[in-house]
file final-v3.txt (compact mmCIF, N, CA, C and O atoms)
# COMPACT_ATOMS: atom_id res chain seq x y z
N MET A 1 0.85 -1.18 0.00
CA MET A 1 0.00 0.00 0.00
C MET A 1 0.89 1.24 0.00
O MET A 1 1.86 1.32 0.74
N PRO A 2 0.53 2.23 -0.80
CA PRO A 2 1.35 3.45 -0.84
C PRO A 2 1.24 4.25 0.46
O PRO A 2 0.28 4.10 1.22
N THR A 3 2.22 5.08 0.67
CA THR A 3 2.23 5.96 1.84
C THR A 3 2.37 7.41 1.37
O THR A 3 2.60 7.67 0.19
N ILE A 4 2.25 8.32 2.31
CA ILE A 4 2.44 9.73 1.98
C ILE A 4 3.86 9.97 1.49
O ILE A 4 4.09 10.75 0.57
N ALA A 5 4.83 9.26 2.07
CA ALA A 5 6.22 9.41 1.64
C ALA A 5 6.40 8.96 0.19
O ALA A 5 7.18 9.56 -0.56
N THR A 6 5.69 7.93 -0.23
CA THR A 6 5.74 7.47 -1.62
C THR A 6 5.25 8.56 -2.56
O THR A 6 5.85 8.82 -3.61
N ILE A 7 4.17 9.20 -2.18
CA ILE A 7 3.60 10.26 -3.01
C ILE A 7 4.54 11.47 -3.05
O ILE A 7 4.75 12.07 -4.10
N GLN A 8 5.12 11.80 -1.91
CA GLN A 8 6.09 12.90 -1.88
C GLN A 8 7.29 12.60 -2.78
O GLN A 8 7.76 13.48 -3.50
N ALA A 9 7.77 11.37 -2.76
CA ALA A 9 8.90 10.99 -3.63
C ALA A 9 8.51 11.11 -5.09
O ALA A 9 9.30 11.59 -5.93
N GLY A 10 7.31 10.70 -5.44
CA GLY A 10 6.84 10.84 -6.81
C GLY A 10 6.76 12.29 -7.25
O GLY A 10 7.13 12.63 -8.38
N LEU A 11 6.31 13.16 -6.36
CA LEU A 11 6.23 14.58 -6.68
C LEU A 11 7.62 15.18 -6.88
O LEU A 11 7.83 16.01 -7.77
N ILE A 12 8.57 14.74 -6.07
CA ILE A 12 9.95 15.23 -6.22
C ILE A 12 10.52 14.77 -7.57
O ILE A 12 11.18 15.55 -8.27
N LEU A 13 10.24 13.53 -7.95
CA LEU A 13 10.71 13.04 -9.25
C LEU A 13 10.08 13.82 -10.41
O LEU A 13 10.71 14.03 -11.44
N LEU A 14 8.84 14.24 -10.23
CA LEU A 14 8.19 15.03 -11.28
C LEU A 14 8.85 16.41 -11.44
O LEU A 14 8.79 17.00 -12.51
N LEU A 15 9.47 16.90 -10.39
CA LEU A 15 10.11 18.21 -10.44
C LEU A 15 11.51 18.19 -11.03
O LEU A 15 12.05 19.23 -11.38
N ARG A 16 12.11 17.02 -11.12
CA ARG A 16 13.50 16.98 -11.58
C ARG A 16 13.61 17.43 -13.03
O ARG A 16 12.73 17.17 -13.85
N PRO A 17 14.69 18.12 -13.36
CA PRO A 17 14.89 18.55 -14.74
C PRO A 17 15.23 17.35 -15.62
O PRO A 17 15.70 16.32 -15.13
N PRO A 18 15.00 17.47 -16.93
CA PRO A 18 15.32 16.35 -17.82
C PRO A 18 16.81 16.04 -17.80
O PRO A 18 17.64 16.93 -17.68
N VAL A 19 17.13 14.76 -17.94
CA VAL A 19 18.52 14.33 -17.95
C VAL A 19 19.19 14.78 -19.25
O VAL A 19 20.29 15.30 -19.24
N GLU A 20 18.51 14.58 -20.35
CA GLU A 20 18.99 15.01 -21.67
C GLU A 20 18.17 16.22 -22.09
O GLU A 20 16.95 16.13 -22.18
N GLU A 21 18.82 17.31 -22.36
CA GLU A 21 18.09 18.52 -22.72
C GLU A 21 17.39 18.40 -24.07
O GLU A 21 16.39 19.05 -24.33
N LEU A 22 17.91 17.57 -24.97
CA LEU A 22 17.35 17.43 -26.30
C LEU A 22 16.31 16.32 -26.41
O LEU A 22 15.68 16.16 -27.44
N VAL A 23 16.12 15.55 -25.35
CA VAL A 23 15.17 14.45 -25.35
C VAL A 23 14.06 14.77 -24.35
O VAL A 23 14.33 14.98 -23.16
N LEU A 24 12.83 14.78 -24.82
CA LEU A 24 11.70 15.05 -23.92
C LEU A 24 11.44 13.85 -23.03
O LEU A 24 11.54 12.70 -23.47
N ASP A 25 11.09 14.10 -21.81
CA ASP A 25 10.72 13.02 -20.89
C ASP A 25 9.24 13.13 -20.52
O ASP A 25 8.83 12.73 -19.44
N SER A 26 8.44 13.65 -21.44
CA SER A 26 7.03 13.86 -21.14
C SER A 26 6.29 12.54 -20.92
O SER A 26 5.39 12.48 -20.08
N ALA A 27 6.66 11.47 -21.63
CA ALA A 27 6.00 10.18 -21.42
C ALA A 27 6.27 9.66 -20.02
O ALA A 27 5.36 9.14 -19.34
N PHE A 28 7.51 9.81 -19.55
CA PHE A 28 7.86 9.38 -18.19
C PHE A 28 7.07 10.19 -17.17
O PHE A 28 6.49 9.63 -16.22
N LYS A 29 7.04 11.51 -17.34
CA LYS A 29 6.35 12.36 -16.36
C LYS A 29 4.85 12.08 -16.36
O LYS A 29 4.22 12.06 -15.30
N TRP A 30 4.27 11.86 -17.53
CA TRP A 30 2.83 11.61 -17.60
C TRP A 30 2.48 10.28 -16.91
O TRP A 30 1.50 10.18 -16.18
N THR A 31 3.30 9.27 -17.13
CA THR A 31 3.08 7.97 -16.50
C THR A 31 3.28 8.06 -14.99
O THR A 31 2.49 7.52 -14.20
N LEU A 32 4.32 8.75 -14.57
CA LEU A 32 4.58 8.91 -13.14
C LEU A 32 3.46 9.69 -12.47
O LEU A 32 3.03 9.36 -11.36
N LEU A 33 2.95 10.72 -13.13
CA LEU A 33 1.84 11.48 -12.56
C LEU A 33 0.61 10.60 -12.38
O LEU A 33 -0.07 10.68 -11.36
N GLY A 34 0.33 9.75 -13.35
CA GLY A 34 -0.79 8.82 -13.21
C GLY A 34 -0.62 7.90 -12.01
O GLY A 34 -1.57 7.63 -11.28
N THR A 35 0.60 7.45 -11.79
CA THR A 35 0.89 6.60 -10.64
C THR A 35 0.72 7.37 -9.33
O THR A 35 0.15 6.86 -8.36
N VAL A 36 1.19 8.62 -9.30
CA VAL A 36 1.06 9.45 -8.09
C VAL A 36 -0.41 9.73 -7.79
O VAL A 36 -0.84 9.64 -6.63
N VAL A 37 -1.19 10.05 -8.81
CA VAL A 37 -2.62 10.31 -8.60
C VAL A 37 -3.32 9.06 -8.09
O VAL A 37 -4.11 9.11 -7.15
N SER A 38 -3.00 7.92 -8.69
CA SER A 38 -3.61 6.67 -8.26
C SER A 38 -3.24 6.33 -6.81
O SER A 38 -4.10 5.93 -6.02
N ALA A 39 -1.98 6.52 -6.47
CA ALA A 39 -1.53 6.25 -5.09
C ALA A 39 -2.20 7.19 -4.10
O ALA A 39 -2.61 6.77 -3.01
N SER A 40 -2.33 8.46 -4.48
CA SER A 40 -2.94 9.42 -3.55
C SER A 40 -4.42 9.11 -3.34
O SER A 40 -4.93 9.26 -2.23
N GLN A 41 -5.10 8.66 -4.37
CA GLN A 41 -6.50 8.29 -4.19
C GLN A 41 -6.65 6.98 -3.43
O GLN A 41 -7.64 6.77 -2.73
N SER A 42 -5.65 6.10 -3.55
CA SER A 42 -5.70 4.83 -2.82
C SER A 42 -5.65 5.04 -1.31
O SER A 42 -6.25 4.27 -0.56
N ILE A 43 -4.91 6.06 -0.87
CA ILE A 43 -4.85 6.31 0.58
C ILE A 43 -5.84 7.40 1.02
O ILE A 43 -5.81 7.83 2.16
N GLY A 44 -6.69 7.84 0.10
CA GLY A 44 -7.77 8.74 0.47
C GLY A 44 -7.40 10.21 0.60
O GLY A 44 -8.06 10.94 1.34
N LEU A 45 -6.35 10.65 -0.10
CA LEU A 45 -5.99 12.06 0.00
C LEU A 45 -7.04 12.98 -0.63
O LEU A 45 -7.08 14.16 -0.33
N HIS A 46 -7.88 12.43 -1.47
CA HIS A 46 -8.91 13.23 -2.11
C HIS A 46 -10.14 13.42 -1.21
O HIS A 46 -11.05 14.16 -1.56
N LEU A 47 -10.14 12.79 -0.06
CA LEU A 47 -11.27 12.89 0.87
C LEU A 47 -10.96 13.87 1.99
O LEU A 47 -9.81 14.12 2.32
N ASP A 48 -12.00 14.40 2.59
CA ASP A 48 -11.85 15.33 3.71
C ASP A 48 -11.58 14.54 4.98
O ASP A 48 -12.43 13.78 5.44
N ALA A 49 -10.39 14.70 5.54
CA ALA A 49 -9.99 13.90 6.71
C ALA A 49 -10.17 14.64 8.03
O ALA A 49 -9.70 14.18 9.06
N ARG A 50 -10.85 15.78 8.01
CA ARG A 50 -11.00 16.54 9.26
C ARG A 50 -11.78 15.80 10.32
O ARG A 50 -11.55 15.98 11.51
N SER A 51 -12.72 14.95 9.91
CA SER A 51 -13.53 14.22 10.90
C SER A 51 -12.90 12.88 11.30
O SER A 51 -13.43 12.20 12.17
N TRP A 52 -11.79 12.53 10.68
CA TRP A 52 -11.11 11.28 11.02
C TRP A 52 -10.33 11.47 12.32
O TRP A 52 -9.98 12.58 12.69
N LYS A 53 -10.01 10.38 12.95
CA LYS A 53 -9.25 10.45 14.20
C LYS A 53 -7.76 10.46 13.88
O LYS A 53 -7.04 9.50 14.13
N LEU A 54 -7.31 11.58 13.34
CA LEU A 54 -5.90 11.78 13.00
C LEU A 54 -5.41 13.04 13.70
O LEU A 54 -6.20 13.95 13.95
N PRO A 55 -4.12 13.11 13.97
CA PRO A 55 -3.59 14.36 14.52
C PRO A 55 -3.77 15.51 13.53
O PRO A 55 -3.76 15.30 12.31
N GLN A 56 -3.93 16.70 14.04
CA GLN A 56 -4.17 17.88 13.20
C GLN A 56 -3.04 18.08 12.19
O GLN A 56 -3.28 18.48 11.06
N GLU A 57 -1.80 17.78 12.60
CA GLU A 57 -0.66 17.95 11.69
C GLU A 57 -0.78 17.03 10.48
O GLU A 57 -0.47 17.41 9.37
N GLU A 58 -1.25 15.80 10.71
CA GLU A 58 -1.40 14.86 9.59
C GLU A 58 -2.54 15.28 8.67
O GLU A 58 -2.43 15.14 7.45
N VAL A 59 -3.61 15.79 9.23
CA VAL A 59 -4.70 16.27 8.40
C VAL A 59 -4.22 17.41 7.50
O VAL A 59 -4.50 17.43 6.29
N LEU A 60 -3.46 18.34 8.07
CA LEU A 60 -2.93 19.45 7.27
C LEU A 60 -1.93 18.97 6.22
O LEU A 60 -1.93 19.46 5.09
N LEU A 61 -1.09 18.00 6.57
CA LEU A 61 -0.15 17.44 5.61
C LEU A 61 -0.89 16.76 4.46
O LEU A 61 -0.54 16.95 3.29
N ARG A 62 -1.92 16.01 4.79
CA ARG A 62 -2.71 15.33 3.75
C ARG A 62 -3.36 16.36 2.82
O ARG A 62 -3.39 16.16 1.61
N ARG A 63 -3.84 17.44 3.36
CA ARG A 63 -4.47 18.48 2.52
C ARG A 63 -3.44 19.15 1.62
O ARG A 63 -3.70 19.39 0.44
N ARG A 64 -2.26 19.46 2.17
CA ARG A 64 -1.21 20.10 1.35
C ARG A 64 -0.75 19.19 0.22
O ARG A 64 -0.61 19.63 -0.92
N ILE A 65 -0.54 17.93 0.54
CA ILE A 65 -0.08 17.00 -0.50
C ILE A 65 -1.18 16.77 -1.52
O ILE A 65 -0.92 16.70 -2.73
N SER A 66 -2.41 16.67 -1.07
CA SER A 66 -3.52 16.50 -2.00
C SER A 66 -3.63 17.68 -2.95
O SER A 66 -3.82 17.52 -4.17
N TRP A 67 -3.49 18.88 -2.43
CA TRP A 67 -3.54 20.07 -3.27
C TRP A 67 -2.36 20.09 -4.24
O TRP A 67 -2.50 20.48 -5.40
N THR A 68 -1.19 19.66 -3.80
CA THR A 68 -0.02 19.62 -4.67
C THR A 68 -0.22 18.63 -5.81
O THR A 68 0.11 18.92 -6.96
N VAL A 69 -0.77 17.45 -5.50
CA VAL A 69 -1.05 16.47 -6.55
C VAL A 69 -2.06 17.05 -7.55
O VAL A 69 -1.90 16.92 -8.76
N PHE A 70 -3.09 17.70 -7.04
CA PHE A 70 -4.10 18.31 -7.89
C PHE A 70 -3.47 19.38 -8.80
O PHE A 70 -3.72 19.41 -10.00
N ALA A 71 -2.62 20.22 -8.23
CA ALA A 71 -1.98 21.28 -9.01
C ALA A 71 -1.03 20.70 -10.05
O ALA A 71 -0.98 21.17 -11.20
N PHE A 72 -0.26 19.67 -9.69
CA PHE A 72 0.62 19.00 -10.65
C PHE A 72 -0.18 18.43 -11.80
O PHE A 72 0.23 18.51 -12.96
N ASP A 73 -1.31 17.82 -11.48
CA ASP A 73 -2.15 17.22 -12.52
C ASP A 73 -2.62 18.29 -13.51
O ASP A 73 -2.53 18.10 -14.73
N LYS A 74 -3.11 19.39 -13.00
CA LYS A 74 -3.60 20.46 -13.88
C LYS A 74 -2.47 21.08 -14.68
O LYS A 74 -2.59 21.30 -15.88
N TRP A 75 -1.36 21.34 -14.03
CA TRP A 75 -0.23 22.00 -14.69
C TRP A 75 0.38 21.11 -15.78
O TRP A 75 0.63 21.56 -16.89
N LEU A 76 0.62 19.84 -15.45
CA LEU A 76 1.25 18.96 -16.43
C LEU A 76 0.30 18.64 -17.58
O LEU A 76 0.73 18.56 -18.74
N ALA A 77 -0.99 18.46 -17.30
CA ALA A 77 -1.95 18.23 -18.37
C ALA A 77 -1.99 19.43 -19.32
O ALA A 77 -2.01 19.26 -20.54
N LEU A 78 -1.96 20.61 -18.77
CA LEU A 78 -1.97 21.82 -19.60
C LEU A 78 -0.69 21.92 -20.42
O LEU A 78 -0.73 22.19 -21.63
N SER A 79 0.45 21.68 -19.81
CA SER A 79 1.71 21.84 -20.53
C SER A 79 1.94 20.75 -21.57
O SER A 79 2.63 20.99 -22.56
N LEU A 80 1.35 19.56 -21.38
CA LEU A 80 1.52 18.48 -22.35
C LEU A 80 0.35 18.37 -23.32
O LEU A 80 0.39 17.56 -24.25
N GLY A 81 -0.70 19.15 -23.09
CA GLY A 81 -1.86 19.10 -23.97
C GLY A 81 -2.65 17.81 -23.83
O GLY A 81 -3.16 17.28 -24.82
N ARG A 82 -2.77 17.32 -22.63
CA ARG A 82 -3.49 16.07 -22.37
C ARG A 82 -4.62 16.32 -21.38
O ARG A 82 -4.63 17.33 -20.68
N PRO A 83 -5.58 15.40 -21.28
CA PRO A 83 -6.66 15.58 -20.30
C PRO A 83 -6.16 15.32 -18.88
O PRO A 83 -5.21 14.56 -18.68
N CYS A 84 -6.80 15.93 -17.93
CA CYS A 84 -6.41 15.78 -16.53
C CYS A 84 -6.76 14.38 -16.02
O CYS A 84 -7.72 13.78 -16.47
N HIS A 85 -5.97 13.91 -15.09
CA HIS A 85 -6.27 12.64 -14.42
C HIS A 85 -7.36 12.83 -13.37
O HIS A 85 -8.13 11.93 -13.11
N ILE A 86 -7.39 14.00 -12.74
CA ILE A 86 -8.30 14.26 -11.63
C ILE A 86 -9.48 15.08 -12.12
O ILE A 86 -9.31 16.16 -12.69
N ASN A 87 -10.65 14.57 -11.87
CA ASN A 87 -11.89 15.27 -12.19
C ASN A 87 -12.28 16.15 -11.01
O ASN A 87 -11.93 15.85 -9.86
N ARG A 88 -13.01 17.20 -11.28
CA ARG A 88 -13.44 18.10 -10.19
C ARG A 88 -14.25 17.35 -9.13
O ARG A 88 -14.16 17.63 -7.94
N LEU A 89 -15.03 16.38 -9.55
CA LEU A 89 -15.86 15.63 -8.60
C LEU A 89 -15.06 14.64 -7.76
O LEU A 89 -15.57 14.13 -6.77
N ASP A 90 -13.81 14.37 -8.15
CA ASP A 90 -12.97 13.45 -7.38
C ASP A 90 -12.47 14.04 -6.08
O ASP A 90 -12.12 13.31 -5.17
N CYS A 91 -12.40 15.34 -5.99
CA CYS A 91 -11.84 16.01 -4.82
C CYS A 91 -12.97 16.53 -3.96
O CYS A 91 -13.55 17.58 -4.24
N LYS A 92 -13.27 15.81 -2.92
CA LYS A 92 -14.43 16.13 -2.09
C LYS A 92 -14.23 17.38 -1.24
O LYS A 92 -15.18 18.06 -0.91
N TRP A 93 -13.03 17.69 -0.85
CA TRP A 93 -12.83 18.78 0.10
C TRP A 93 -12.43 20.08 -0.56
O TRP A 93 -12.39 21.11 0.10
N PHE A 94 -12.10 20.09 -1.85
CA PHE A 94 -11.69 21.32 -2.50
C PHE A 94 -12.84 22.29 -2.67
O PHE A 94 -12.68 23.49 -2.60
N TRP A 95 -14.00 21.78 -2.96
CA TRP A 95 -15.10 22.66 -3.40
C TRP A 95 -16.09 22.80 -2.30
O TRP A 95 -16.86 22.55 -1.79
call {"tool": "encode", "arguments": {"input": "final-v3.txt", "output": "structure tokens"}}
result
Amino acid sequence: MPTIATIQAGLILLLRPPVEELVLDSAFKWTLLGTVVSASQSIGLHLDARSWKLPQEEVLLRRRISWTVFAFDKWLALSLGRPCHINRLDCKWFW
């Protein structure tokens, strides 16, 4: 099962610059983003955890990481000209 640390590592990998400047790594980034979105939904980052029995720090961390995954999805989809992985209805606590 994925953890928050797994999702954070995936986000860091998405931020790394390309190894070869002349070779696009958009396929790698798009695939990795799909994996990060899937992992984040598997552990429920898209749900509102305020009513769960978690420490306040973890609830805030989950919200920050969830928002970061959401922003990465929108940004990368826009820059690559592809549809978003995350639908507006998938994020229960954003709206």
call {"tool": "residues_around", "arguments": {"input": "final-v3.txt", "residues": "stretch 5-13 of chain A", "least_positions_apart": "6", "cutoff": "7 Å", "atoms": "only N, CA, C and O atoms", "output": "VMD selection string"}}
result
chain A and resid 29 32 to 33 36 39 to 40
call {"tool": "closest_atom_pairs", "arguments": {"input": "final-v3.txt", "of": "stretch 41-70 of chain A", "to": "stretch 74-80 of chain A", "cutoff": "12 Å", "atoms": "only C-alpha atoms", "output": "tab-separated table"}}
result
residue	atom	partner	partner_atom	distance
A:Trp67	CA	A:Lys74	CA	10.6
A:Thr68	CA	A:Lys74	CA	9.9
A:Val69	CA	A:Lys74	CA	8.7
A:Phe70	CA	A:Lys74	CA	6.4
call {"tool": "closest_residue", "arguments": {"input": "final-v3.txt", "among": "A:Ala27, A:Leu45, A:Leu89, A:Cys84", "to": "A:Leu61", "atoms": "all atoms listed in the file"}}
result
A:Leu45
call {"tool": "residues_around", "arguments": {"input": "final-v3.txt", "residues": "A:Leu47", "least_positions_apart": "2", "cutoff": "8 Å", "atoms": "all atoms listed in the file", "output": "MDAnalysis selection string"}}
result
chainID A and resid 40:41 43:45 49:50 59 62:63 66 90:94
call {"tool": "closest_residue", "arguments": {"input": "final-v3.txt", "among": "A:Glu20, A:Pro2, A:Phe28, A:Glu58", "to": "A:Ser42", "atoms": "all atoms listed in the file"}}
result
A:Pro2
call {"tool": "atom_distance", "arguments": {"input": "final-v3.txt", "atom1": "atom CA of A:Asp48", "atom2": "atom CA of A:Phe72"}}
result
19.4 Å
call {"tool": "atom_distance", "arguments": {"input": "final-v3.txt", "atom1": "atom C of A:Leu15", "atom2": "atom O of A:Pro55"}}
result
28.0 Å
call {"tool": "axis_aligned_box", "arguments": {"input": "final-v3.txt", "around": "stretch 70-82 of chain A", "padding_each_side": "3 Å", "output": "JSON"}}
result
{"center_x": -1.0, "center_y": 19.1, "center_z": -15.9, "size_x": 13.3, "size_y": 12.1, "size_z": 23.8}
call {"tool": "select_by_dssp", "arguments": {"input": "final-v3.txt", "residues": "stretch 10-95 of chain A", "states": "alpha helix (DSSP H)", "output": "PyMOL selection string"}}
result
chain A and resi 10-15+26-42+56-80
call {"tool": "atom_distance", "arguments": {"input": "final-v3.txt", "atom1": "atom O of A:Ile65", "atom2": "atom C of A:Pro18"}}
result
23.3 Å
call {"tool": "build_atoms", "arguments": {"input": "final-v3.txt", "residues": "stretch 81-92 of chain A", "atoms": "all heavy atoms", "output": "PDB file, keeping the file's coordinate frame"}}
result
ATOM      1  N   GLY A  81      -0.700  19.150 -23.090  1.00  0.00           N
ATOM      2  CA  GLY A  81      -1.860  19.100 -23.970  1.00  0.00           C
ATOM      3  C   GLY A  81      -2.650  17.810 -23.830  1.00  0.00           C
ATOM      4  O   GLY A  81      -3.160  17.280 -24.820  1.00  0.00           O
ATOM      5  N   ARG A  82      -2.770  17.320 -22.630  1.00  0.00           N
ATOM      6  CA  ARG A  82      -3.490  16.070 -22.370  1.00  0.00           C
ATOM      7  C   ARG A  82      -4.620  16.320 -21.380  1.00  0.00           C
ATOM      8  O   ARG A  82      -4.630  17.330 -20.680  1.00  0.00           O
ATOM      9  CB  ARG A  82      -2.538  15.026 -21.803  1.00  0.00           C
ATOM     10  CG  ARG A  82      -1.448  14.675 -22.777  1.00  0.00           C
ATOM     11  CD  ARG A  82      -0.628  13.539 -22.284  1.00  0.00           C
ATOM     12  NE  ARG A  82       0.443  13.261 -23.210  1.00  0.00           N
ATOM     13  CZ  ARG A  82       1.012  12.091 -23.328  1.00  0.00           C
ATOM     14  NH1 ARG A  82       0.618  11.099 -22.574  1.00  0.00           N
ATOM     15  NH2 ARG A  82       1.989  11.915 -24.188  1.00  0.00           N
ATOM     16  N   PRO A  83      -5.580  15.400 -21.280  1.00  0.00           N
ATOM     17  CA  PRO A  83      -6.660  15.580 -20.300  1.00  0.00           C
ATOM     18  C   PRO A  83      -6.160  15.320 -18.880  1.00  0.00           C
ATOM     19  O   PRO A  83      -5.210  14.560 -18.680  1.00  0.00           O
ATOM     20  CB  PRO A  83      -7.706  14.534 -20.718  1.00  0.00           C
ATOM     21  CG  PRO A  83      -6.921  13.500 -21.436  1.00  0.00           C
ATOM     22  CD  PRO A  83      -5.780  14.220 -22.115  1.00  0.00           C
ATOM     23  N   CYS A  84      -6.800  15.930 -17.930  1.00  0.00           N
ATOM     24  CA  CYS A  84      -6.410  15.780 -16.530  1.00  0.00           C
ATOM     25  C   CYS A  84      -6.760  14.380 -16.020  1.00  0.00           C
ATOM     26  O   CYS A  84      -7.720  13.780 -16.470  1.00  0.00           O
ATOM     27  CB  CYS A  84      -7.127  16.811 -15.673  1.00  0.00           C
ATOM     28  SG  CYS A  84      -6.691  18.500 -16.100  1.00  0.00           S
ATOM     29  N   HIS A  85      -5.970  13.910 -15.090  1.00  0.00           N
ATOM     30  CA  HIS A  85      -6.270  12.640 -14.420  1.00  0.00           C
ATOM     31  C   HIS A  85      -7.360  12.830 -13.370  1.00  0.00           C
ATOM     32  O   HIS A  85      -8.130  11.930 -13.110  1.00  0.00           O
ATOM     33  CB  HIS A  85      -5.026  12.089 -13.705  1.00  0.00           C
ATOM     34  CG  HIS A  85      -3.977  11.569 -14.620  1.00  0.00           C
ATOM     35  ND1 HIS A  85      -2.834  12.277 -14.902  1.00  0.00           N
ATOM     36  CD2 HIS A  85      -3.886  10.421 -15.318  1.00  0.00           C
ATOM     37  CE1 HIS A  85      -2.080  11.566 -15.724  1.00  0.00           C
ATOM     38  NE2 HIS A  85      -2.692  10.440 -15.992  1.00  0.00           N
ATOM     39  N   ILE A  86      -7.390  14.000 -12.740  1.00  0.00           N
ATOM     40  CA  ILE A  86      -8.300  14.260 -11.630  1.00  0.00           C
ATOM     41  C   ILE A  86      -9.480  15.080 -12.120  1.00  0.00           C
ATOM     42  O   ILE A  86      -9.310  16.160 -12.690  1.00  0.00           O
ATOM     43  CB  ILE A  86      -7.583  14.998 -10.485  1.00  0.00           C
ATOM     44  CG1 ILE A  86      -6.401  14.178  -9.985  1.00  0.00           C
ATOM     45  CG2 ILE A  86      -8.555  15.282  -9.346  1.00  0.00           C
ATOM     46  CD1 ILE A  86      -5.545  14.896  -8.965  1.00  0.00           C
ATOM     47  N   ASN A  87     -10.650  14.570 -11.870  1.00  0.00           N
ATOM     48  CA  ASN A  87     -11.890  15.270 -12.190  1.00  0.00           C
ATOM     49  C   ASN A  87     -12.280  16.150 -11.010  1.00  0.00           C
ATOM     50  O   ASN A  87     -11.930  15.850  -9.860  1.00  0.00           O
ATOM     51  CB  ASN A  87     -12.980  14.224 -12.471  1.00  0.00           C
ATOM     52  CG  ASN A  87     -14.266  14.817 -12.965  1.00  0.00           C
ATOM     53  OD1 ASN A  87     -14.591  15.964 -12.684  1.00  0.00           O
ATOM     54  ND2 ASN A  87     -15.002  14.033 -13.705  1.00  0.00           N
ATOM     55  N   ARG A  88     -13.010  17.200 -11.280  1.00  0.00           N
ATOM     56  CA  ARG A  88     -13.440  18.100 -10.190  1.00  0.00           C
ATOM     57  C   ARG A  88     -14.250  17.350  -9.130  1.00  0.00           C
ATOM     58  O   ARG A  88     -14.160  17.630  -7.940  1.00  0.00           O
ATOM     59  CB  ARG A  88     -14.257  19.242 -10.781  1.00  0.00           C
ATOM     60  CG  ARG A  88     -14.739  20.200  -9.748  1.00  0.00           C
ATOM     61  CD  ARG A  88     -15.509  21.326 -10.359  1.00  0.00           C
ATOM     62  NE  ARG A  88     -16.006  22.170  -9.293  1.00  0.00           N
ATOM     63  CZ  ARG A  88     -16.658  23.269  -9.482  1.00  0.00           C
ATOM     64  NH1 ARG A  88     -16.907  23.676 -10.693  1.00  0.00           N
ATOM     65  NH2 ARG A  88     -17.081  23.976  -8.476  1.00  0.00           N
ATOM     66  N   LEU A  89     -15.030  16.380  -9.550  1.00  0.00           N
ATOM     67  CA  LEU A  89     -15.860  15.630  -8.600  1.00  0.00           C
ATOM     68  C   LEU A  89     -15.060  14.640  -7.760  1.00  0.00           C
ATOM     69  O   LEU A  89     -15.570  14.130  -6.770  1.00  0.00           O
ATOM     70  CB  LEU A  89     -16.957  14.886  -9.370  1.00  0.00           C
ATOM     71  CG  LEU A  89     -17.916  15.784 -10.148  1.00  0.00           C
ATOM     72  CD1 LEU A  89     -18.877  14.930 -10.960  1.00  0.00           C
ATOM     73  CD2 LEU A  89     -18.667  16.709  -9.223  1.00  0.00           C
ATOM     74  N   ASP A  90     -13.810  14.370  -8.150  1.00  0.00           N
ATOM     75  CA  ASP A  90     -12.970  13.450  -7.380  1.00  0.00           C
ATOM     76  C   ASP A  90     -12.470  14.040  -6.080  1.00  0.00           C
ATOM     77  O   ASP A  90     -12.120  13.310  -5.170  1.00  0.00           O
ATOM     78  CB  ASP A  90     -11.756  13.011  -8.215  1.00  0.00           C
ATOM     79  CG  ASP A  90     -12.144  12.128  -9.394  1.00  0.00           C
ATOM     80  OD1 ASP A  90     -13.225  11.521  -9.339  1.00  0.00           O
ATOM     81  OD2 ASP A  90     -11.355  12.065 -10.350  1.00  0.00           O
ATOM     82  N   CYS A  91     -12.400  15.340  -5.990  1.00  0.00           N
ATOM     83  CA  CYS A  91     -11.840  16.010  -4.820  1.00  0.00           C
ATOM     84  C   CYS A  91     -12.970  16.530  -3.960  1.00  0.00           C
ATOM     85  O   CYS A  91     -13.550  17.580  -4.240  1.00  0.00           O
ATOM     86  CB  CYS A  91     -10.918  17.151  -5.244  1.00  0.00           C
ATOM     87  SG  CYS A  91      -9.556  16.583  -6.253  1.00  0.00           S
ATOM     88  N   LYS A  92     -13.270  15.810  -2.920  1.00  0.00           N
ATOM     89  CA  LYS A  92     -14.430  16.130  -2.090  1.00  0.00           C
ATOM     90  C   LYS A  92     -14.230  17.380  -1.240  1.00  0.00           C
ATOM     91  O   LYS A  92     -15.180  18.060  -0.910  1.00  0.00           O
ATOM     92  CB  LYS A  92     -14.758  14.951  -1.174  1.00  0.00           C
ATOM     93  CG  LYS A  92     -14.942  13.646  -1.897  1.00  0.00           C
ATOM     94  CD  LYS A  92     -16.182  13.663  -2.749  1.00  0.00           C
ATOM     95  CE  LYS A  92     -16.422  12.292  -3.311  1.00  0.00           C
ATOM     96  NZ  LYS A  92     -16.689  12.237  -4.695  1.00  0.00           N
TER      97      LYS A  92
END
